[in-house]
file upload-v4.tsv (TSV, C-alpha atoms)
chain	number	residue	atom	x	y	z
A	62	MET	CA	41.14	-105.48	-86.53
A	63	THR	CA	41.83	-106.97	-89.96
A	64	THR	CA	43.30	-110.29	-90.90
A	65	THR	CA	45.71	-109.22	-93.62
A	66	GLY	CA	48.70	-109.83	-91.39
A	67	VAL	CA	49.98	-106.28	-91.87
A	68	GLU	CA	49.32	-105.43	-88.22
A	69	TYR	CA	50.73	-108.73	-87.02
A	70	PRO	CA	54.48	-109.06	-87.63
A	71	ARG	CA	54.61	-112.71	-86.52
A	72	ALA	CA	51.64	-113.90	-88.61
A	73	LYS	CA	53.80	-115.05	-91.52
A	74	GLU	CA	56.20	-116.84	-89.17
A	75	LEU	CA	53.37	-118.76	-87.47
A	76	LYS	CA	51.29	-119.51	-90.56
A	77	GLY	CA	50.84	-123.26	-90.88
A	78	LYS	CA	52.31	-123.86	-87.41
A	79	THR	CA	50.56	-125.61	-84.52
A	80	ILE	CA	50.29	-123.76	-81.24
A	81	VAL	CA	48.95	-125.10	-77.94
A	82	ILE	CA	46.98	-122.86	-75.58
A	83	LYS	CA	46.06	-123.95	-72.07
A	84	PHE	CA	43.72	-122.02	-69.81
A	85	GLY	CA	41.78	-122.60	-66.62
A	86	GLY	CA	38.55	-121.28	-65.22
A	87	SER	CA	40.29	-118.78	-62.97
A	88	SER	CA	42.24	-117.28	-65.86
A	89	ILE	CA	39.36	-116.68	-68.27
A	90	GLY	CA	36.21	-115.73	-66.44
A	91	GLY	CA	32.65	-115.13	-67.62
A	92	THR	CA	30.85	-115.14	-70.94
A	93	ASN	CA	32.46	-111.91	-72.16
A	94	ASP	CA	35.96	-113.23	-71.54
A	95	GLN	CA	35.13	-116.51	-73.28
A	96	GLY	CA	33.79	-114.56	-76.24
A	97	ARG	CA	37.01	-112.53	-76.43
A	98	PHE	CA	39.09	-115.70	-76.20
A	99	SER	CA	37.04	-117.28	-79.00
A	100	ARG	CA	37.53	-114.22	-81.21
A	101	ASP	CA	41.29	-114.45	-80.61
A	102	ILE	CA	41.18	-118.09	-81.72
A	103	ALA	CA	39.19	-117.11	-84.82
A	104	LEU	CA	41.80	-114.46	-85.67
A	105	LEU	CA	44.61	-117.01	-85.36
A	106	VAL	CA	42.75	-119.45	-87.61
A	107	SER	CA	42.07	-116.71	-90.19
A	108	LEU	CA	45.83	-116.09	-90.37
A	109	GLY	CA	46.59	-119.75	-91.00
A	110	VAL	CA	47.71	-120.61	-87.45
A	111	LYS	CA	46.59	-124.00	-86.10
A	112	PRO	CA	45.48	-123.74	-82.43
A	113	VAL	CA	44.99	-126.69	-80.09
A	114	ILE	CA	43.28	-125.83	-76.80
A	115	ILE	CA	43.45	-127.61	-73.45
A	116	HIS	CA	41.45	-126.40	-70.48
A	117	GLY	CA	41.07	-127.12	-66.80
A	118	GLY	CA	38.34	-126.21	-64.34
A	119	GLY	CA	39.56	-126.60	-60.77
A	120	PRO	CA	37.60	-123.67	-59.25
A	121	GLU	CA	34.42	-124.78	-61.00
A	122	ILE	CA	34.86	-128.35	-59.71
A	123	THR	CA	35.27	-127.06	-56.16
A	124	GLU	CA	32.19	-124.85	-56.50
A	125	GLU	CA	30.09	-127.73	-57.83
A	126	MET	CA	31.17	-130.02	-55.01
A	127	LYS	CA	30.28	-127.46	-52.38
A	128	LYS	CA	26.92	-126.87	-54.07
A	129	ASN	CA	26.20	-130.60	-53.79
A	130	GLY	CA	27.36	-130.86	-50.18
A	131	LEU	CA	30.41	-132.93	-51.03
A	132	PRO	CA	33.62	-132.49	-49.01
A	133	VAL	CA	36.59	-130.89	-50.75
A	134	ARG	CA	39.70	-132.66	-49.49
A	135	LYS	CA	43.23	-131.49	-50.19
A	136	VAL	CA	46.55	-132.85	-49.00
A	137	LEU	CA	49.76	-130.86	-49.51
A	138	GLY	CA	47.68	-128.48	-51.59
A	139	LEU	CA	46.57	-131.27	-53.96
A	140	ARG	CA	42.97	-132.36	-54.46
A	141	VAL	CA	42.05	-135.86	-53.28
A	142	THR	CA	39.87	-137.33	-56.02
A	143	ASP	CA	37.52	-140.05	-54.78
A	144	ASP	CA	34.67	-141.59	-56.82
A	145	ASN	CA	32.31	-138.66	-56.24
A	146	THR	CA	34.97	-136.09	-57.01
A	147	LEU	CA	35.89	-137.83	-60.27
A	148	MET	CA	32.23	-137.89	-61.30
A	149	VAL	CA	31.88	-134.17	-60.57
A	150	ALA	CA	35.14	-133.42	-62.42
A	151	LYS	CA	33.95	-135.30	-65.51
A	152	THR	CA	30.62	-133.47	-65.47
A	153	VAL	CA	32.04	-130.01	-64.87
A	154	LEU	CA	34.90	-130.30	-67.34
A	155	GLY	CA	32.53	-131.69	-69.97
A	156	ARG	CA	30.20	-128.72	-69.39
A	157	ILE	CA	33.04	-126.20	-69.71
A	158	ASN	CA	34.18	-127.98	-72.87
A	159	ASP	CA	30.71	-127.77	-74.44
A	160	LEU	CA	30.44	-124.05	-73.66
A	161	LEU	CA	33.87	-123.26	-75.07
A	162	VAL	CA	33.32	-125.30	-78.22
A	163	SER	CA	29.99	-123.52	-78.79
A	164	SER	CA	31.62	-120.14	-78.20
A	165	ILE	CA	34.37	-120.83	-80.76
A	166	ARG	CA	31.85	-122.18	-83.27
A	167	SER	CA	29.84	-118.96	-82.95
A	168	THR	CA	32.78	-117.15	-84.59
A	169	GLY	CA	32.52	-119.37	-87.66
A	170	VAL	CA	35.46	-121.59	-86.71
A	171	LYS	CA	35.12	-125.37	-86.70
A	172	ALA	CA	35.82	-126.65	-83.17
A	173	ILE	CA	35.45	-130.08	-81.63
A	174	GLY	CA	35.65	-131.15	-78.00
A	175	LEU	CA	37.21	-134.30	-76.66
A	176	ALA	CA	38.53	-135.80	-73.47
A	177	GLY	CA	42.13	-136.91	-73.17
A	178	SER	CA	40.81	-140.46	-72.82
A	179	GLU	CA	39.30	-140.47	-76.32
A	180	CYS	CA	41.18	-142.21	-79.13
A	181	GLY	CA	43.94	-143.02	-76.63
A	182	THR	CA	45.13	-139.43	-76.97
A	183	ILE	CA	46.58	-139.11	-73.45
A	184	MET	CA	47.50	-142.33	-71.68
A	185	CYS	CA	48.14	-142.11	-67.97
A	186	ARG	CA	48.68	-144.16	-64.85
A	187	LYS	CA	47.59	-143.70	-61.27
A	188	MET	CA	49.83	-141.23	-59.51
A	189	ASP	CA	52.00	-142.64	-56.74
A	190	PRO	CA	51.25	-141.47	-53.18
A	191	VAL	CA	52.61	-138.00	-52.53
A	192	LYS	CA	54.96	-137.25	-49.65
A	193	GLY	CA	55.64	-134.00	-47.83
A	194	VAL	CA	55.27	-132.01	-44.65
A	195	GLU	CA	51.96	-130.46	-43.64
A	196	ASN	CA	51.32	-128.62	-40.38
A	197	GLY	CA	54.71	-129.80	-39.14
A	198	ASN	CA	53.93	-133.46	-39.76
A	199	GLU	CA	55.28	-135.81	-42.42
A	200	VAL	CA	52.45	-136.85	-44.72
A	201	VAL	CA	52.07	-139.71	-47.19
A	202	ALA	CA	48.78	-139.50	-49.09
A	203	ASP	CA	47.04	-141.40	-51.85
A	204	LEU	CA	45.27	-138.83	-54.06
A	205	GLY	CA	42.82	-141.37	-55.44
A	206	HIS	CA	41.78	-141.02	-59.09
A	207	VAL	CA	44.61	-138.66	-60.00
A	208	GLY	CA	46.77	-139.67	-62.93
A	209	GLU	CA	50.10	-138.76	-64.41
A	210	VAL	CA	50.81	-138.80	-68.12
A	211	VAL	CA	52.60	-141.83	-69.56
A	212	SER	CA	52.34	-141.03	-73.27
A	213	VAL	CA	50.52	-138.91	-75.85
A	214	ASP	CA	49.36	-140.14	-79.25
A	215	PRO	CA	49.01	-136.96	-81.32
A	216	SER	CA	47.52	-138.66	-84.40
A	217	SER	CA	43.88	-137.76	-83.64
A	218	ILE	CA	44.80	-134.16	-82.83
A	219	GLU	CA	46.86	-133.83	-86.00
A	220	TRP	CA	44.09	-135.43	-88.08
A	221	LEU	CA	41.50	-132.98	-86.73
A	222	VAL	CA	43.80	-130.00	-87.23
A	223	GLY	CA	44.45	-131.18	-90.79
A	224	LEU	CA	40.69	-131.11	-91.42
A	225	GLY	CA	40.50	-127.51	-90.22
A	226	PHE	CA	39.16	-128.17	-86.72
A	227	VAL	CA	40.31	-126.58	-83.49
A	228	PRO	CA	40.53	-129.44	-80.94
A	229	VAL	CA	39.36	-128.42	-77.45
A	230	ILE	CA	40.62	-130.98	-74.93
A	231	TYR	CA	39.99	-131.58	-71.24
A	232	SER	CA	42.26	-133.74	-69.14
A	233	ILE	CA	40.11	-136.67	-68.05
A	234	CYS	CA	42.43	-139.43	-69.22
A	235	ALA	CA	42.60	-143.23	-69.09
A	236	ASP	CA	45.13	-145.91	-68.28
A	237	ASP	CA	45.80	-148.98	-70.42
A	238	VAL	CA	42.82	-150.89	-68.98
A	239	GLY	CA	40.33	-148.02	-69.27
A	240	HIS	CA	40.32	-146.64	-65.72
A	241	LEU	CA	39.68	-142.89	-65.77
A	242	TYR	CA	41.80	-140.34	-63.94
A	243	ASN	CA	41.85	-136.58	-63.56
A	244	VAL	CA	45.21	-135.27	-64.80
A	245	ASN	CA	46.66	-131.84	-64.09
A	246	ALA	CA	45.71	-129.76	-67.14
A	247	ASP	CA	49.00	-127.80	-67.23
A	248	THR	CA	50.95	-131.05	-67.39
A	249	ALA	CA	48.62	-132.61	-69.96
A	250	ALA	CA	48.88	-129.51	-72.14
A	251	ALA	CA	52.68	-129.55	-71.96
A	252	HIS	CA	52.81	-133.21	-73.02
A	253	ILE	CA	50.50	-132.42	-75.95
A	254	ALA	CA	52.67	-129.44	-76.96
A	255	LYS	CA	55.73	-131.68	-76.92
A	256	ALA	CA	54.00	-134.42	-78.93
A	257	VAL	CA	52.71	-132.10	-81.67
A	258	LYS	CA	55.99	-130.13	-81.72
A	259	ALA	CA	54.12	-126.89	-81.06
A	260	ALA	CA	55.80	-123.71	-82.26
A	261	GLU	CA	54.34	-121.89	-79.26
A	262	PHE	CA	52.92	-123.03	-75.92
A	263	ILE	CA	50.70	-120.48	-74.19
A	264	LEU	CA	49.87	-120.97	-70.52
A	265	VAL	CA	47.03	-118.57	-69.70
A	266	THR	CA	46.98	-117.88	-65.95
A	267	ASP	CA	45.55	-115.32	-63.52
A	268	VAL	CA	48.95	-113.65	-63.00
A	269	PRO	CA	51.00	-111.47	-65.41
A	270	GLY	CA	53.93	-113.87	-65.53
A	271	LEU	CA	56.78	-114.96	-63.31
A	272	MET	CA	57.62	-112.21	-60.81
A	273	ARG	CA	60.87	-111.78	-58.86
A	274	GLU	CA	58.76	-110.28	-56.06
A	275	PHE	CA	55.31	-111.82	-55.72
A	276	GLY	CA	52.66	-109.17	-56.27
A	277	ASN	CA	55.09	-106.63	-57.71
A	278	LEU	CA	53.97	-106.20	-61.30
A	279	ASP	CA	57.14	-104.28	-62.13
A	280	SER	CA	59.24	-107.35	-61.28
A	281	VAL	CA	57.93	-109.65	-64.03
A	282	ILE	CA	60.76	-111.64	-65.61
A	283	ARG	CA	60.17	-111.16	-69.33
A	284	GLU	CA	62.38	-113.94	-70.69
A	285	ILE	CA	64.29	-116.92	-69.29
A	286	ARG	CA	65.95	-120.08	-70.53
A	287	THR	CA	64.96	-123.52	-69.26
A	288	THR	CA	68.47	-123.86	-67.85
A	289	GLU	CA	67.74	-120.98	-65.46
A	290	VAL	CA	64.63	-122.50	-63.88
A	291	ALA	CA	66.37	-124.70	-61.28
A	292	LYS	CA	68.27	-121.72	-59.87
A	293	LEU	CA	65.10	-119.63	-59.69
A	294	VAL	CA	63.48	-122.41	-57.65
A	295	ALA	CA	66.55	-122.82	-55.42
A	296	ASP	CA	66.65	-119.06	-54.79
A	297	GLY	CA	62.98	-119.07	-53.77
A	298	ILE	CA	61.92	-116.77	-56.62
A	299	VAL	CA	59.77	-119.55	-58.06
A	300	ARG	CA	57.65	-121.30	-55.45
A	301	GLU	CA	54.34	-122.99	-54.73
A	302	GLY	CA	51.93	-123.07	-57.68
A	303	MET	CA	54.32	-121.46	-60.13
A	304	ILE	CA	56.77	-124.39	-59.91
A	305	PRO	CA	54.58	-126.93	-61.77
A	306	LYS	CA	53.66	-124.26	-64.33
A	307	LEU	CA	57.30	-123.57	-65.14
A	308	GLU	CA	57.99	-127.32	-65.19
A	309	ALA	CA	55.17	-127.66	-67.73
A	310	CYS	CA	56.70	-124.89	-69.85
A	311	CYS	CA	60.10	-126.59	-69.79
A	312	LEU	CA	58.54	-129.87	-70.91
A	313	ALA	CA	56.54	-128.17	-73.66
A	314	VAL	CA	59.66	-126.78	-75.35
A	315	THR	CA	61.62	-130.05	-75.27
A	316	ASN	CA	61.18	-130.41	-79.04
A	317	GLY	CA	61.79	-126.73	-79.75
A	318	GLY	CA	59.46	-123.74	-79.86
A	319	ALA	CA	58.84	-121.38	-76.97
A	320	ALA	CA	56.52	-121.27	-73.98
A	321	ASN	CA	54.71	-118.25	-72.59
A	322	ILE	CA	53.01	-117.49	-69.26
A	323	ILE	CA	50.46	-114.70	-69.68
A	324	CYS	CA	47.46	-113.29	-67.82
A	325	GLY	CA	44.01	-114.07	-69.17
A	326	LYS	CA	42.59	-110.88	-67.68
A	327	ASP	CA	44.69	-108.85	-70.13
A	328	PRO	CA	42.37	-108.60	-73.15
A	329	GLU	CA	45.27	-108.16	-75.58
A	330	ALA	CA	47.70	-110.70	-74.14
A	331	ILE	CA	47.21	-113.59	-76.57
A	332	VAL	CA	47.33	-111.46	-79.73
A	333	ALA	CA	50.22	-109.36	-78.43
A	334	GLN	CA	52.24	-112.39	-77.37
A	335	LEU	CA	51.68	-114.52	-80.45
A	336	LEU	CA	51.11	-112.18	-83.36
A	337	ILE	CA	52.78	-108.90	-82.47
A	338	GLY	CA	55.76	-110.23	-80.54
A	339	GLU	CA	55.10	-107.87	-77.65
A	340	ASN	CA	55.89	-109.80	-74.49
A	341	ARG	CA	52.99	-109.39	-72.05
A	342	GLY	CA	54.21	-112.07	-69.64
A	343	THR	CA	57.16	-114.42	-69.28
A	344	ARG	CA	58.66	-116.19	-72.29
A	345	ILE	CA	60.57	-119.42	-71.77
A	346	LYS	CA	63.01	-120.71	-74.37
A	347	PRO	CA	65.05	-123.94	-74.49

call {"tool": "encode", "arguments": {"input": "upload-v4.tsv", "output": "structure tokens"}}
result
Amino acid sequence: MTTTGVEYPRAKELKGKTIVIKFGGSSIGGTNDQGRFSRDIALLVSLGVKPVIIHGGGPEITEEMKKNGLPVRKVLGLRVTDDNTLMVAKTVLGRINDLLVSSIRSTGVKAIGLAGSECGTIMCRKMDPVKGVENGNEVVADLGHVGEVVSVDPSSIEWLVGLGFVPVIYSICADDVGHLYNVNADTAAAHIAKAVKAAEFILVTDVPGLMREFGNLDSVIREIRTTEVAKLVADGIVREGMIPKLEACCLAVTNGGAANIICGKDPEAIVAQLLIGENRGTRIKP
């Protein structure tokens, strides 16, 4: 694989552009997958593309809590984040961040890790209690130290990118008085993509895209407009965990660009989607 751009029809189009890539622990697995991901990032950088990475780590947080004998509490499918859970989340996400930064640096690319709370990059507030029905009962629950994004200051990200660094961000964020909160990484990534006016937003998941029939790989919807999302939800085609992911994609393209949902288990997905223009998942346009 060379870096001349001859093999990559979209390289010239994306040169000098910022792209935002979000992935979670369940979408990119062990050391080999991280190494492949890092090589993809190095290829993008060599072609003049400017990646910004945001990662989560929900499965790893759950595993660490169980290992330490801490209860994992969820309400309406959402994690309740008490003091212990927040401490574990900070530790685990920081560990994942260190490993990913080291992996990217091993390719010769300059990478730097930071939390959303640093430099006031992602400001948040405590999320309001959630309401819904669970086991036939109406539920109102306080999720604890869970935040929702209020604003993003992209200046630190843009400064680092301008110096040739790949920022690697995890979504432990702070409110205006310094209280820390765990913020959904998909949502945080979408707000960052909007703030930096990303040309492309890549949401790396453990599924091959949005499917009309769940589990039917032949039913992947290859391209949709943001105006079509509400109907897909109303028709029941989009449901459960895919709803917030599509909402994040719609937010990410508010200032233009396109969003993409791809599968991290496909070793060629990122390069195919970004550089070749071969749609390996679902592409969302304004």

call {"tool": "closest_residue", "arguments": {"input": "upload-v4.tsv", "among": "A:Asp159, A:Glu261, A:Glu308, A:Glu219", "to": "Leu175 in chain A", "atoms": "only C-alpha atoms"}}
result
A:Asp159

call {"tool": "residues_around", "arguments": {"input": "upload-v4.tsv", "residues": "Phe84 in chain A", "least_positions_apart": "6", "cutoff": "10 Å", "atoms": "all atoms listed in the file", "output": "NGL selection string"}}
result
:A and (114-118 or 246-247 or 250 or 263-267 or 323-325)

call {"tool": "atom_distance", "arguments": {"input": "upload-v4.tsv", "atom1": "CA of Asp143 in chain A", "atom2": "CA of Glu179 in chain A"}}
result
21.6 Å

call {"tool": "atom_distance", "arguments": {"input": "upload-v4.tsv", "atom1": "CA of Asp214 in chain A", "atom2": "CA of Asn158 in chain A"}}
result
20.5 Å

call {"tool": "closest_residue", "arguments": {"input": "upload-v4.tsv", "among": "A:Leu75, A:Val106, A:Ile165, A:Val81", "to": "Gly338 in chain A", "atoms": "all atoms listed in the file"}}
result
A:Leu75

call {"tool": "closest_residue", "arguments": {"input": "upload-v4.tsv", "among": "A:Ile122, A:Ala260, A:Leu293, A:Ile230", "to": "Lys83 in chain A", "atoms": "all atoms listed in the file"}}
result
A:Ile230

call {"tool": "residues_around", "arguments": {"input": "upload-v4.tsv", "residues": "Arg300 in chain A", "least_positions_apart": "4", "cutoff": "12 Å", "atoms": "all atoms listed in the file", "output": "list of chain:residue names"}}
result
A:Leu271, A:Met272, A:Arg273, A:Glu274, A:Phe275, A:Val290, A:Ala291, A:Lys292, A:Leu293, A:Val294, A:Ala295, A:Asp296, A:Ile304, A:Pro305, A:Lys306, A:Leu307, A:Glu308

call {"tool": "write_last_selection", "arguments": {"input": "upload-v4.tsv", "atoms": "C-alpha atoms", "output": "PDB file, in the frame of the given file"}}
result
ATOM      1  CA  LEU A 271      56.780-114.960 -63.310  1.00  0.00           C
ATOM      2  CA  MET A 272      57.620-112.210 -60.810  1.00  0.00           C
ATOM      3  CA  ARG A 273      60.870-111.780 -58.860  1.00  0.00           C
ATOM      4  CA  GLU A 274      58.760-110.280 -56.060  1.00  0.00           C
ATOM      5  CA  PHE A 275      55.310-111.820 -55.720  1.00  0.00           C
ATOM      6  CA  VAL A 290      64.630-122.500 -63.880  1.00  0.00           C
ATOM      7  CA  ALA A 291      66.370-124.700 -61.280  1.00  0.00           C
ATOM      8  CA  LYS A 292      68.270-121.720 -59.870  1.00  0.00           C
ATOM      9  CA  LEU A 293      65.100-119.630 -59.690  1.00  0.00           C
ATOM     10  CA  VAL A 294      63.480-122.410 -57.650  1.00  0.00           C
ATOM     11  CA  ALA A 295      66.550-122.820 -55.420  1.00  0.00           C
ATOM     12  CA  ASP A 296      66.650-119.060 -54.790  1.00  0.00           C
ATOM     13  CA  ILE A 304      56.770-124.390 -59.910  1.00  0.00           C
ATOM     14  CA  PRO A 305      54.580-126.930 -61.770  1.00  0.00           C
ATOM     15  CA  LYS A 306      53.660-124.260 -64.330  1.00  0.00           C
ATOM     16  CA  LEU A 307      57.300-123.570 -65.140  1.00  0.00           C
ATOM     17  CA  GLU A 308      57.990-127.320 -65.190  1.00  0.00           C
TER      18      GLU A 308
END

call {"tool": "atom_distance", "arguments": {"input": "upload-v4.tsv", "atom1": "CA of Pro228 in chain A", "atom2": "CA of Arg186 in chain A"}}
result
23.3 Å

call {"tool": "closest_residue", "arguments": {"input": "upload-v4.tsv", "among": "A:Val207, A:Cys311, A:Leu221, A:Val281", "to": "Asp189 in chain A", "atoms": "all atoms listed in the file"}}
result
A:Val207

call {"tool": "build_atoms", "arguments": {"input": "upload-v4.tsv", "residues": "range 222-254 of chain A", "atoms": "N, CA and C atoms", "output": "PDB file, in the frame of the given file"}}
result
ATOM      1  N   VAL A 222      43.223-131.277 -86.797  1.00  0.00           N
ATOM      2  CA  VAL A 222      43.800-130.000 -87.230  1.00  0.00           C
ATOM      3  C   VAL A 222      43.931-129.967 -88.749  1.00  0.00           C
ATOM      4  N   GLY A 223      44.316-131.097 -89.335  1.00  0.00           N
ATOM      5  CA  GLY A 223      44.450-131.180 -90.790  1.00  0.00           C
ATOM      6  C   GLY A 223      43.132-130.977 -91.517  1.00  0.00           C
ATOM      7  N   LEU A 224      42.022-131.300 -90.839  1.00  0.00           N
ATOM      8  CA  LEU A 224      40.690-131.110 -91.420  1.00  0.00           C
ATOM      9  C   LEU A 224      40.141-129.709 -91.147  1.00  0.00           C
ATOM     10  N   GLY A 225      40.936-128.885 -90.476  1.00  0.00           N
ATOM     11  CA  GLY A 225      40.500-127.510 -90.220  1.00  0.00           C
ATOM     12  C   GLY A 225      39.785-127.297 -88.906  1.00  0.00           C
ATOM     13  N   PHE A 226      39.819-128.297 -88.027  1.00  0.00           N
ATOM     14  CA  PHE A 226      39.160-128.170 -86.720  1.00  0.00           C
ATOM     15  C   PHE A 226      40.138-127.612 -85.674  1.00  0.00           C
ATOM     16  N   VAL A 227      39.572-126.943 -84.680  1.00  0.00           N
ATOM     17  CA  VAL A 227      40.310-126.580 -83.490  1.00  0.00           C
ATOM     18  C   VAL A 227      39.935-127.581 -82.399  1.00  0.00           C
ATOM     19  N   PRO A 228      40.833-128.485 -82.026  1.00  0.00           N
ATOM     20  CA  PRO A 228      40.530-129.440 -80.940  1.00  0.00           C
ATOM     21  C   PRO A 228      40.508-128.692 -79.598  1.00  0.00           C
ATOM     22  N   VAL A 229      39.491-128.996 -78.795  1.00  0.00           N
ATOM     23  CA  VAL A 229      39.360-128.420 -77.450  1.00  0.00           C
ATOM     24  C   VAL A 229      39.332-129.593 -76.480  1.00  0.00           C
ATOM     25  N   ILE A 230      40.387-129.757 -75.693  1.00  0.00           N
ATOM     26  CA  ILE A 230      40.620-130.980 -74.930  1.00  0.00           C
ATOM     27  C   ILE A 230      40.553-130.716 -73.440  1.00  0.00           C
ATOM     28  N   TYR A 231      39.916-131.639 -72.706  1.00  0.00           N
ATOM     29  CA  TYR A 231      39.990-131.580 -71.240  1.00  0.00           C
ATOM     30  C   TYR A 231      40.640-132.848 -70.724  1.00  0.00           C
ATOM     31  N   SER A 232      41.289-132.714 -69.557  1.00  0.00           N
ATOM     32  CA  SER A 232      42.260-133.740 -69.140  1.00  0.00           C
ATOM     33  C   SER A 232      41.684-134.819 -68.224  1.00  0.00           C
ATOM     34  N   ILE A 233      40.537-135.385 -68.613  1.00  0.00           N
ATOM     35  CA  ILE A 233      40.110-136.670 -68.050  1.00  0.00           C
ATOM     36  C   ILE A 233      40.714-137.731 -68.950  1.00  0.00           C
ATOM     37  N   CYS A 234      41.638-138.503 -68.409  1.00  0.00           N
ATOM     38  CA  CYS A 234      42.430-139.430 -69.220  1.00  0.00           C
ATOM     39  C   CYS A 234      42.233-140.862 -68.714  1.00  0.00           C
ATOM     40  N   ALA A 235      42.795-141.816 -69.439  1.00  0.00           N
ATOM     41  CA  ALA A 235      42.600-143.230 -69.090  1.00  0.00           C
ATOM     42  C   ALA A 235      43.924-143.965 -69.075  1.00  0.00           C
ATOM     43  N   ASP A 236      43.953-145.052 -68.264  1.00  0.00           N
ATOM     44  CA  ASP A 236      45.130-145.910 -68.280  1.00  0.00           C
ATOM     45  C   ASP A 236      44.927-147.016 -69.314  1.00  0.00           C
ATOM     46  N   ASP A 237      45.838-147.979 -69.355  1.00  0.00           N
ATOM     47  CA  ASP A 237      45.800-148.980 -70.420  1.00  0.00           C
ATOM     48  C   ASP A 237      44.694-150.010 -70.260  1.00  0.00           C
ATOM     49  N   VAL A 238      43.971-149.984 -69.126  1.00  0.00           N
ATOM     50  CA  VAL A 238      42.820-150.890 -68.980  1.00  0.00           C
ATOM     51  C   VAL A 238      41.514-150.117 -68.888  1.00  0.00           C
ATOM     52  N   GLY A 239      41.555-148.812 -69.183  1.00  0.00           N
ATOM     53  CA  GLY A 239      40.330-148.020 -69.270  1.00  0.00           C
ATOM     54  C   GLY A 239      39.891-147.311 -68.004  1.00  0.00           C
ATOM     55  N   HIS A 240      40.663-147.388 -66.921  1.00  0.00           N
ATOM     56  CA  HIS A 240      40.320-146.640 -65.720  1.00  0.00           C
ATOM     57  C   HIS A 240      40.554-145.152 -65.950  1.00  0.00           C
ATOM     58  N   LEU A 241      39.589-144.330 -65.536  1.00  0.00           N
ATOM     59  CA  LEU A 241      39.680-142.890 -65.770  1.00  0.00           C
ATOM     60  C   LEU A 241      40.354-142.181 -64.597  1.00  0.00           C
ATOM     61  N   TYR A 242      41.105-141.144 -64.939  1.00  0.00           N
ATOM     62  CA  TYR A 242      41.800-140.340 -63.940  1.00  0.00           C
ATOM     63  C   TYR A 242      41.728-138.863 -64.332  1.00  0.00           C
ATOM     64  N   ASN A 243      41.739-138.018 -63.325  1.00  0.00           N
ATOM     65  CA  ASN A 243      41.850-136.580 -63.560  1.00  0.00           C
ATOM     66  C   ASN A 243      43.338-136.231 -63.570  1.00  0.00           C
ATOM     67  N   VAL A 244      43.796-135.617 -64.641  1.00  0.00           N
ATOM     68  CA  VAL A 244      45.210-135.270 -64.800  1.00  0.00           C
ATOM     69  C   VAL A 244      45.362-133.757 -64.763  1.00  0.00           C
ATOM     70  N   ASN A 245      46.398-133.267 -64.121  1.00  0.00           N
ATOM     71  CA  ASN A 245      46.660-131.840 -64.090  1.00  0.00           C
ATOM     72  C   ASN A 245      46.686-131.285 -65.510  1.00  0.00           C
ATOM     73  N   ALA A 246      45.869-130.264 -65.771  1.00  0.00           N
ATOM     74  CA  ALA A 246      45.710-129.760 -67.140  1.00  0.00           C
ATOM     75  C   ALA A 246      46.975-129.087 -67.658  1.00  0.00           C
ATOM     76  N   ASP A 247      47.741-128.416 -66.788  1.00  0.00           N
ATOM     77  CA  ASP A 247      49.000-127.800 -67.230  1.00  0.00           C
ATOM     78  C   ASP A 247      49.945-128.872 -67.755  1.00  0.00           C
ATOM     79  N   THR A 248      50.052-129.961 -66.993  1.00  0.00           N
ATOM     80  CA  THR A 248      50.950-131.050 -67.390  1.00  0.00           C
ATOM     81  C   THR A 248      50.479-131.722 -68.664  1.00  0.00           C
ATOM     82  N   ALA A 249      49.167-131.986 -68.755  1.00  0.00           N
ATOM     83  CA  ALA A 249      48.620-132.610 -69.960  1.00  0.00           C
ATOM     84  C   ALA A 249      48.873-131.740 -71.179  1.00  0.00           C
ATOM     85  N   ALA A 250      48.672-130.437 -71.029  1.00  0.00           N
ATOM     86  CA  ALA A 250      48.880-129.510 -72.140  1.00  0.00           C
ATOM     87  C   ALA A 250      50.340-129.509 -72.588  1.00  0.00           C
ATOM     88  N   ALA A 251      51.261-129.550 -71.628  1.00  0.00           N
ATOM     89  CA  ALA A 251      52.680-129.550 -71.960  1.00  0.00           C
ATOM     90  C   ALA A 251      53.065-130.811 -72.726  1.00  0.00           C
ATOM     91  N   HIS A 252      52.523-131.957 -72.308  1.00  0.00           N
ATOM     92  CA  HIS A 252      52.810-133.210 -73.020  1.00  0.00           C
ATOM     93  C   HIS A 252      52.252-133.157 -74.439  1.00  0.00           C
ATOM     94  N   ILE A 253      51.079-132.558 -74.610  1.00  0.00           N
ATOM     95  CA  ILE A 253      50.500-132.420 -75.950  1.00  0.00           C
ATOM     96  C   ILE A 253      51.379-131.502 -76.804  1.00  0.00           C
ATOM     97  N   ALA A 254      51.806-130.372 -76.219  1.00  0.00           N
ATOM     98  CA  ALA A 254      52.670-129.440 -76.960  1.00  0.00           C
ATOM     99  C   ALA A 254      53.949-130.128 -77.424  1.00  0.00           C
TER     100      ALA A 254
END
